[in-house]
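The file run_13.cif contains mmCIF, C-alpha atoms:
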data_entry
#
loop_
_atom_site.label_atom_id
_atom_site.label_comp_id
_atom_site.auth_asym_id
_atom_site.auth_seq_id
_atom_site.Cartn_x
_atom_site.Cartn_y
_atom_site.Cartn_z
CA MET A 1133 -27.69 46.78 -3.44
CA ASN A 1134 -25.36 49.62 -4.29
CA THR A 1135 -21.85 49.18 -3.05
CA ILE A 1136 -19.69 52.17 -3.74
CA LEU A 1137 -16.02 52.17 -2.99
CA PRO A 1138 -14.64 55.22 -1.12
CA ALA A 1139 -12.64 56.44 -4.12
CA ALA A 1140 -15.68 56.01 -6.37
CA SER A 1141 -17.93 57.88 -3.96
CA ALA A 1142 -15.41 60.71 -3.73
CA LEU A 1143 -15.27 60.83 -7.51
CA ALA A 1144 -19.05 60.79 -7.75
CA GLY A 1145 -19.31 63.57 -5.19
CA GLY A 1146 -16.79 65.65 -7.08
CA SER A 1147 -14.40 65.83 -4.17
CA PHE A 1148 -11.82 63.37 -5.52
CA GLN A 1149 -8.39 64.86 -6.04
CA PRO A 1150 -5.43 63.04 -7.65
CA ASN A 1151 -3.49 63.68 -4.47
CA ASP A 1152 -6.04 61.56 -2.57
CA ALA A 1153 -4.94 58.46 -4.51
CA ALA A 1154 -1.30 59.27 -3.91
CA ARG A 1155 -1.95 59.69 -0.18
CA GLN A 1156 -3.85 56.39 -0.13
CA ASN A 1157 -1.00 54.56 -1.89
CA SER A 1158 1.65 56.21 0.26
CA ALA A 1159 -0.26 55.20 3.41
CA GLU A 1160 -0.08 51.56 2.30
CA ALA A 1161 3.56 51.76 1.28
CA PRO A 1162 5.00 51.85 4.79
CA ARG A 1163 3.01 48.71 5.69
CA VAL A 1164 4.56 46.88 2.78
CA GLN A 1165 8.02 48.24 3.51
CA ARG A 1166 7.75 47.42 7.21
CA GLN A 1167 7.48 43.69 6.54
CA GLU A 1168 10.46 41.86 7.95
CA PRO A 1169 12.53 39.92 5.41
CA MET A 1170 11.70 36.22 5.70
CA SER A 1171 14.35 33.91 7.01
CA GLU A 1172 15.62 31.09 4.83
CA ALA A 1173 13.80 28.53 7.00
CA ALA A 1174 10.55 30.47 6.70
CA LEU A 1175 10.98 30.69 2.92
CA LYS A 1176 11.57 26.92 2.72
CA LYS A 1177 8.54 26.27 4.90
CA ASP A 1178 6.41 28.54 2.73
CA LEU A 1179 7.70 26.83 -0.41
CA ASN A 1180 6.99 23.38 1.05
CA VAL A 1181 3.44 24.41 1.94
CA GLN A 1182 2.92 25.67 -1.60
CA ILE A 1183 4.31 22.45 -3.04
CA LEU A 1184 2.05 20.35 -0.82
CA GLN A 1185 -0.98 22.43 -1.74
CA SER A 1186 -0.18 22.12 -5.43
CA SER A 1187 0.42 18.40 -5.08
CA MET A 1188 -2.87 17.97 -3.27
CA GLU A 1189 -4.72 19.91 -5.95
CA VAL A 1190 -3.11 17.82 -8.68
CA SER A 1191 -3.90 14.66 -6.74
CA ILE A 1192 -7.52 15.64 -6.27
CA ARG A 1193 -7.88 16.56 -9.94
CA SER A 1194 -6.14 13.46 -11.21
CA GLY A 1195 -7.95 10.98 -8.93
CA ASP A 1196 -6.69 7.49 -9.66
CA GLU A 1197 -3.75 8.84 -11.63
CA SER A 1198 -2.08 9.69 -8.33
CA LEU A 1199 -2.22 6.03 -7.33
CA ALA A 1200 -0.75 5.04 -10.66
CA LEU A 1201 2.08 7.48 -10.04
CA LEU A 1202 2.61 6.03 -6.57
CA LEU A 1203 2.70 2.51 -7.95
CA ARG A 1204 5.11 3.48 -10.72
CA SER A 1205 7.40 5.28 -8.26
CA ALA A 1206 7.31 2.40 -5.81
CA ILE A 1207 8.16 -0.14 -8.50
CA GLU A 1208 11.06 1.98 -9.73
CA GLY A 1209 12.42 2.37 -6.19
CA ILE A 1210 12.09 -1.34 -5.41
CA ASN A 1211 13.71 -2.28 -8.72
CA GLU A 1212 16.67 -0.01 -7.91
CA ALA A 1213 17.04 -1.55 -4.46
CA LEU A 1214 16.83 -5.13 -5.78
CA ALA A 1215 18.99 -4.62 -8.86
CA PRO A 1216 22.33 -5.51 -7.18
CA THR A 1217 21.05 -8.91 -6.03
CA LEU A 1218 18.24 -9.83 -8.44
CA GLY A 1219 19.22 -7.90 -11.55
CA PRO A 1220 17.40 -5.14 -13.39
CA ASP A 1221 13.58 -5.04 -13.44
CA ALA A 1222 13.21 -7.63 -10.66
CA ILE A 1223 9.56 -6.75 -10.05
CA GLN A 1224 8.57 -7.03 -13.69
CA ASN A 1225 10.43 -10.35 -13.93
CA ALA A 1226 8.60 -11.67 -10.87
CA MET A 1227 5.30 -10.45 -12.28
CA GLY A 1228 5.96 -12.63 -15.30
CA GLN A 1229 5.56 -15.69 -13.11
CA ASP A 1230 2.53 -17.94 -13.37
CA ASN A 1231 -0.18 -16.41 -11.16
CA SER A 1232 -2.82 -19.04 -11.83
CA PRO A 1233 -4.61 -20.50 -8.79
CA GLU A 1234 -2.60 -23.72 -9.16
CA ALA A 1235 0.81 -22.03 -9.33
CA THR A 1236 -0.05 -19.59 -6.54
CA ALA A 1237 -1.26 -22.42 -4.30
CA ASP A 1238 1.91 -24.43 -5.04
CA ARG A 1239 4.10 -21.47 -4.04
CA ILE A 1240 2.13 -20.90 -0.82
CA VAL A 1241 2.28 -24.57 0.17
CA SER A 1242 5.95 -25.03 -0.69
CA MET A 1243 7.07 -21.84 1.05
CA SER A 1244 5.07 -22.46 4.22
CA THR A 1245 5.83 -26.17 4.56
CA ALA A 1246 9.54 -25.53 4.04
CA PHE A 1247 9.71 -24.59 7.73
CA PHE A 1248 8.61 -28.02 8.94
CA GLU A 1249 12.09 -29.36 9.65
CA ALA A 1250 12.97 -26.31 11.74
CA TYR A 1251 9.66 -26.58 13.62
CA ALA A 1252 10.13 -30.31 14.25
CA GLY A 1253 13.75 -29.71 15.32
CA GLN A 1254 12.48 -27.65 18.24
CA ARG A 1255 10.37 -30.57 19.47
CA PRO A 1256 12.70 -33.61 19.16
CA ASN A 1257 11.13 -35.54 22.05
CA ASP A 1258 7.50 -35.13 20.96
CA ASP A 1259 5.48 -37.66 18.98
CA PRO A 1260 6.30 -37.04 15.27
CA GLU A 1261 2.65 -37.27 14.20
CA THR A 1262 1.62 -34.75 16.86
CA VAL A 1263 4.42 -32.40 15.75
CA LEU A 1264 3.31 -32.74 12.13
CA ARG A 1265 -0.35 -32.06 12.92
CA ASP A 1266 0.53 -29.12 15.21
CA PHE A 1267 2.73 -27.64 12.47
CA ILE A 1268 -0.03 -27.91 9.88
CA ASP A 1269 -2.50 -26.36 12.32
CA VAL A 1270 -0.14 -23.41 12.84
CA ILE A 1271 0.50 -22.72 9.16
CA ARG A 1272 -3.12 -23.40 8.19
CA GLY A 1273 -4.21 -20.86 10.81
CA GLY A 1274 -1.74 -18.31 9.45
CA PHE A 1275 -2.89 -18.95 5.92
CA GLU A 1276 -6.57 -18.61 6.87
CA GLN A 1277 -5.84 -15.33 8.66
CA GLY A 1278 -3.96 -13.92 5.66
CA PHE A 1279 -6.62 -15.22 3.30
CA GLY A 1280 -9.37 -13.54 5.32
CA GLU A 1281 -7.50 -10.22 5.36
CA ALA A 1282 -6.87 -10.37 1.60
CA ARG A 1283 -10.51 -11.24 0.92
CA ASP A 1284 -11.67 -8.32 3.09
CA ILE A 1285 -9.36 -5.93 1.21
CA LEU A 1286 -10.55 -7.17 -2.19
CA ASP A 1287 -14.14 -7.00 -1.01
CA GLY A 1288 -13.59 -3.46 0.30
CA LEU A 1289 -12.21 -2.47 -3.09
CA GLY A 1290 -15.32 -3.93 -4.70
CA VAL A 1291 -13.37 -6.45 -6.79
CA PHE A 1292 -14.07 -9.66 -4.87
CA ASN A 1293 -16.54 -11.03 -7.40
CA GLY A 1294 -16.62 -12.83 -10.72
CA GLN A 1295 -13.32 -14.31 -11.90
CA VAL A 1296 -11.30 -12.74 -9.07
CA GLU A 1297 -13.48 -14.43 -6.46
CA ALA A 1298 -13.42 -17.74 -8.34
CA ASP A 1299 -9.61 -17.67 -8.63
CA VAL A 1300 -9.11 -16.70 -4.99
CA MET A 1301 -11.47 -19.40 -3.71
CA LYS A 1302 -9.87 -22.01 -5.98
CA THR A 1303 -6.42 -21.01 -4.69
CA ARG A 1304 -7.64 -21.40 -1.09
CA GLU A 1305 -9.05 -24.84 -1.84
CA LEU A 1306 -5.79 -25.95 -3.50
CA VAL A 1307 -3.68 -24.65 -0.59
CA LEU A 1308 -5.77 -26.58 1.93
CA GLN A 1309 -5.52 -29.71 -0.24
CA GLY A 1310 -1.75 -29.18 -0.42
CA TYR A 1311 -1.53 -29.05 3.38
CA ASP A 1312 -3.57 -32.26 3.63
CA ARG A 1313 -1.29 -33.93 1.07
CA PHE A 1314 1.78 -32.75 3.03
CA VAL A 1315 0.45 -34.48 6.16
CA LEU A 1316 -0.50 -37.69 4.32
CA ASP A 1317 2.92 -37.90 2.66
CA ARG A 1318 4.63 -37.78 6.06
CA LEU A 1319 2.36 -40.05 8.07
CA PRO A 1320 3.56 -43.64 8.37
CA THR A 1321 1.56 -46.03 6.19
CA SER A 1322 -0.07 -49.13 7.66
CA ASP A 1323 2.76 -51.22 6.11
CA GLN A 1324 5.39 -49.11 7.92
CA GLN A 1325 3.60 -49.42 11.27
CA ALA A 1326 3.50 -53.26 11.16
#
Rewrite the coordinates I just gave you, this time as structure tokens.
Amino acid sequence: MNTILPAASALAGGSFQPNDAARQNSAEAPRVQRQEPMSEAALKKDLNVQILQSSMEVSIRSGDESLALLLRSAIEGINEALAPTLGPDAIQNAMGQDNSPEATADRIVSMSTAFFEAYAGQRPNDDPETVLRDFIDVIRGGFEQGFGEARDILDGLGVFNGQVEADVMKTRELVLQGYDRFVLDRLPTSDQQA
């Protein structure tokens, strides 16, 4: 297929004159000159669109690197916010804690059972054993819900297998044992009932 531009066809036909190009350029000049100057808001909007497009292109090209950047930025921002109360690098210091199934289960059990006295204080006239069992049912239900959501997220990410799955399931088992132990430690023994 032969596609010939108008200027090229005029040149090929021998009818092209240098003035033709000048007339063509001068015909376009008023269109360019007629453009209204952009307002400052329009310029900012245009700049923001360009920045977003560039960011999106970089994000698409870099793939997981964009998530690493997000994580790094989030950690820096959180560290800055926590620095006055928890000192510098609060997140990194917390990450240095023991994250074994045993330590994680201990933290979950101790933090959730710490609310027992407040819960029992709202039911002073109820049977203490009933209050204790109701409390454990409430926190166990909350734990199971959170556990299920976390498992679904890990499964969705394709990492709920192998050692991760083993550690998560062991942590769950230890938390449930901790709740059982919490109840047994607070139930009156047969010697106390006599």
Apply the PyMOL selection byres ((chain A and resi 1268) around 9) to the displayed file and report the matching residues as an mmCIF file with C-alpha atoms, keeping the file's coordinate frame.
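Below you can see result.cif, which holds the result:
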data_model
loop_
_atom_site.group_PDB
_atom_site.id
_atom_site.type_symbol
_atom_site.label_atom_id
_atom_site.label_comp_id
_atom_site.auth_asym_id
_atom_site.auth_seq_id
_atom_site.Cartn_x
_atom_site.Cartn_y
_atom_site.Cartn_z
ATOM 1 C CA THR A 1245 5.830 -26.170 4.560
ATOM 2 C CA PHE A 1248 8.610 -28.020 8.940
ATOM 3 C CA VAL A 1263 4.420 -32.400 15.750
ATOM 4 C CA LEU A 1264 3.310 -32.740 12.130
ATOM 5 C CA ARG A 1265 -0.350 -32.060 12.920
ATOM 6 C CA ASP A 1266 0.530 -29.120 15.210
ATOM 7 C CA PHE A 1267 2.730 -27.640 12.470
ATOM 8 C CA ASP A 1269 -2.500 -26.360 12.320
ATOM 9 C CA VAL A 1270 -0.140 -23.410 12.840
ATOM 10 C CA ILE A 1271 0.500 -22.720 9.160
ATOM 11 C CA ARG A 1272 -3.120 -23.400 8.190
ATOM 12 C CA GLY A 1273 -4.210 -20.860 10.810
ATOM 13 C CA TYR A 1311 -1.530 -29.050 3.380
ATOM 14 C CA ASP A 1312 -3.570 -32.260 3.630
ATOM 15 C CA PHE A 1314 1.780 -32.750 3.030
ATOM 16 C CA VAL A 1315 0.450 -34.480 6.160
#
Query - Gap from CA of Phe1275 (chain A) to CA of Val1296 (chain A) - Å, one decimal - result: 18.3 Å
**Report entry** Pairwise distance for CA of Thr1262 (chain A) and CA of Met1243 (chain A), rounded to one decimal in Å
**Finding:** 21.1 Å
Query raised in the report: Which distance in Å separates CA of Leu1214 (chain A) and CA of Asn1231 (chain A), to one decimal?
Result: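 Interatomic distance here is 21.1 Å.
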Query raised in the report: Which is closest to Glu1297 (chain A) among A:Pro1233, A:Gly1274, A:Tyr1251, A:Glu1212, if we use all atoms listed in the file?
Result: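 Residue with the minimum atom-to-atom distance to Glu1297 (chain A): A:Pro1233.
For the choices A:Phe1279, A:Gly1310, A:Pro1220, A:Gly1290, the atom-to-atom distance to Ser1244 (chain A) is smallest for A:Gly1310 when using all atoms listed in the file.
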Report task. Measuring atom to atom with all atoms listed in the file, identify which of A:Ala1282, A:Leu1319, A:Leu1306, A:Leu1289 is nearest to Glu1234 (chain A). Result ->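 When distances to Glu1234 (chain A) are compared using all atoms listed in the file, the smallest one comes from A:Leu1306.
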